[in-house]
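Inspection log for the structure reproduced underneath, given as structure tokens.
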Amino acid sequence: MKKKTSIALSGLGVPESLRWHQGALWFSDLAHGTVHRWDGAAEPETVVEVPGRAGGLGWLPDGRLLVVSMDGGRVHRLEAGGELVVHADLRHIVGGPVNDMLVDAEGRAYVGNFGFDYHAHSREHPNSMLYAPPGPPRAPIACLAPDGSLLGLTEPLLFPNGTLLTPDGKSVIVAETLAMRLTTLPRNPDGTLARPEPWAPLISPLLWRLVNHPGAVGRVTRRISALLDRPAISKRSSSPIAPDGIAWDADGTSVWVANALRGECVRVARGGRVLDRVATSRHTLSCLMAGSDGRTLFAATVPTDDPVRAARLNGGRIELLRL
């Protein structure tokens, strides 16, 4: 039987981008465009409201907060005096909402984007129909210098999402949500990222070939997948895993994956072997192994990731489990 999380916070829109910083949990609310800090003792503090919906979070070496404006196509910087200014403008390189972000110890930022208007598509079509040829648009990760200037772009990826720096600092691991895999990209000396390489596939090779097949086999597979995309069915399934947010386990070698397809966090080893599963109450968009001793698994869960619906429902939660 799976271990289960307990609910710590509720009444949120779309909680995302869980971070642990200076002894507190930080997160964005994608539906309401706000950034929050929670020390675990009271209600979360609203730190800043971001125009264009707050997304990925990180900090410069001097402690200033960086936060993505998803619909604004920018990265903002919160100055020491409380002024929110533009750190980087990415509108000329993104094909959809700007998404998650990793900021390293030197202040370089790695920023992904959807590549297309995912929510507009999902309001009209089942997710499986994204794989009808030519398939979903791809998008690069933007590599930013500490001053916000563009260092370079990666090769296009399939919905680059949660991003981790490896413990040795030599590579980053990226969740390609729509490819249902974790991918590693070596870091060049200047901080740019080299060619992507597989780290962990999270869908069977056969199912991946079938859902992307250009012929009748693919059309049938996509229709069956659409019929099976129901909460009562998907919550009883164990495959595939659509990785959203990702986080290192305390062992420093395996990765926790927030599964956007169902209510769970999954711990995987390099190569894709599933080591552990923790049940959450709803679809899970972000996870984090943190806390005062680094042994608490936090999860951000939602009844829907559609920001318009979520803003009305306010059903988002922060859940946790001490491991």
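Following the order of the structure tokens, first chain is A, next is B, and so on, with residues numbered from 1 inside each chain and ligands from 1 in the order they appear.
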- Task: Give the strand (DSSP E or B) residues of segment 8-172 of chain A, as assigned by DSSP on the backbone, as number ranges by chain.
- Result: A: 8-12, 15-21, 24-29, 34-38, 45-49, 54-59, 65-69, 74-78, 84-89, 98-103, 109-113, 139, 142-144, 150-153, 157, 160-165, 171-172
Show me, as a Markdown table, the residues of segment 237-270 of chain A having an atom within 12 Å of segment 125-129 of chain A, each with the closest atom pair and its distance in Å, using only C-alpha atoms.
| residue | atom | partner | partner_atom | distance |
| --- | --- | --- | --- | --- |
| A:Ala242 | CA | A:Asn127 | CA | 11.3 |
| A:Ala260 | CA | A:Asn127 | CA | 11.7 |
| A:Leu261 | CA | A:Asn127 | CA | 10.2 |
- Task: Tell me which protein, DNA and RNA residues are within 12 Å of Leu313 of chain A, counting only C-alpha atoms, leaving out same-chain ones fewer than 2 positions away, and put them as an MDAnalysis selection string.
- Result: chainID A and resid 10:14 31:32 302:311 315:317
- If we count only C-alpha atoms, what is near Ser28 of chain A at a cut-off of 7 Å, once residues fewer than 3 positions away on the same chain are taken out, given as a list of chain:residue names? A:Pro15, A:Glu16, A:Ser17, A:Thr34, A:Val35, A:His36, A:Ala54, A:Gly55
- Item | DSSP alpha helix (DSSP H) selection over segment 45-278 of chain A, as an MDAnalysis selection string | chainID A and resid 118:124 205:211 216:228 231:234
- Item | atom CA of Leu182 of chain A to atom CA of Asp29 of chain A, distance in Å rounded to a single decimal |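 Atom CA of Asp29 of chain A lies 24.4 Å from atom CA of Leu182 of chain A.
Between atom CA of Pro198 of chain A and atom CA of Gly135 of chain A the separation is 19.4 Å.
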- If you count only C-alpha atoms, which residues fall within 9 Å of Gly72 of chain A, apart from same-chain ones fewer than 6 positions away, as a list in words? Pro51, Gly52, Arg53, Asp89, Leu90, Arg91, Pro97 and Val98 of chain A
- Query: How far is it from atom CA of Pro136 of chain A to atom CA of His119 of chain A, in Å with one decimal?
  - Reply: 12.9 Å
- Message: If we count only C-alpha atoms and set the cut-off at 8 Å, which residues sit around Thr301 of chain A, ignoring sequence neighbours fewer than 3 positions away in its own chain? Please answer as a ChimeraX atom specification.
- Response: /A:14-15,263,280-286,316-319
- Looking at A:Asn212, A:Ser6, A:Thr154, A:Thr221, which one is nearest to Tyr131 of chain A, with distances taken over only C-alpha atoms?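 Of A:Asn212, A:Ser6, A:Thr154, A:Thr221, the one nearest Tyr131 of chain A is A:Asn212, counting only C-alpha atoms.
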- Query: Could you name the residues that touch Ala105 of chain A at 9 Å or less, counting only C-alpha atoms, but leaving out those on the same chain fewer than 5 positions away, as a PyMOL selection string?
  - Reply: chain A and resi 59-61
Generate the output file for the selected residues, N, CA and C atoms, as a PDB file, in the first residue's frame.
ATOM      1  N   TRP A  59      16.784  32.406  -6.589  1.00  0.00           N
ATOM      2  CA  TRP A  59      17.409  33.538  -5.909  1.00  0.00           C
ATOM      3  C   TRP A  59      18.806  33.798  -6.472  1.00  0.00           C
ATOM      4  N   LEU A  60      19.123  35.079  -6.629  1.00  0.00           N
ATOM      5  CA  LEU A  60      20.474  35.486  -6.988  1.00  0.00           C
ATOM      6  C   LEU A  60      21.389  35.337  -5.783  1.00  0.00           C
ATOM      7  N   PRO A  61      22.706  35.311  -5.991  1.00  0.00           N
ATOM      8  CA  PRO A  61      23.633  35.149  -4.860  1.00  0.00           C
ATOM      9  C   PRO A  61      23.463  36.194  -3.766  1.00  0.00           C
TER      10      PRO A  61
END
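Counting only C-alpha atoms, the residue from A:Gly271, A:Arg108, A:Asp251, A:Val50 that sits nearest to Val85 of chain A is A:Val50.
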- Query: With only C-alpha atoms as the atoms that count, which of A:Gln22, A:Leu78, A:Arg262, A:Gly95 lies nearest to Arg230 of chain A?
  - Reply: A:Arg262
- Task: Check the smallest atom-to-atom distance from each of A:Val48, A:Ile93, A:Leu297, A:Leu210 to Ala132 of chain A using only C-alpha atoms, then report the winner.
- Result: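 Among the listed residues, the smallest separation from Ala132 of chain A belongs to A:Leu210.
Nearest to Arg223 of chain A of all the residues A:Asp276, A:Ile246, A:Val211, A:Ala194 is A:Val211, counting only C-alpha atoms.
Counting only C-alpha atoms, the residue from A:Leu18, A:Ile241, A:Ala279, A:Leu228 that sits nearest to Ala175 of chain A is A:Ile241.
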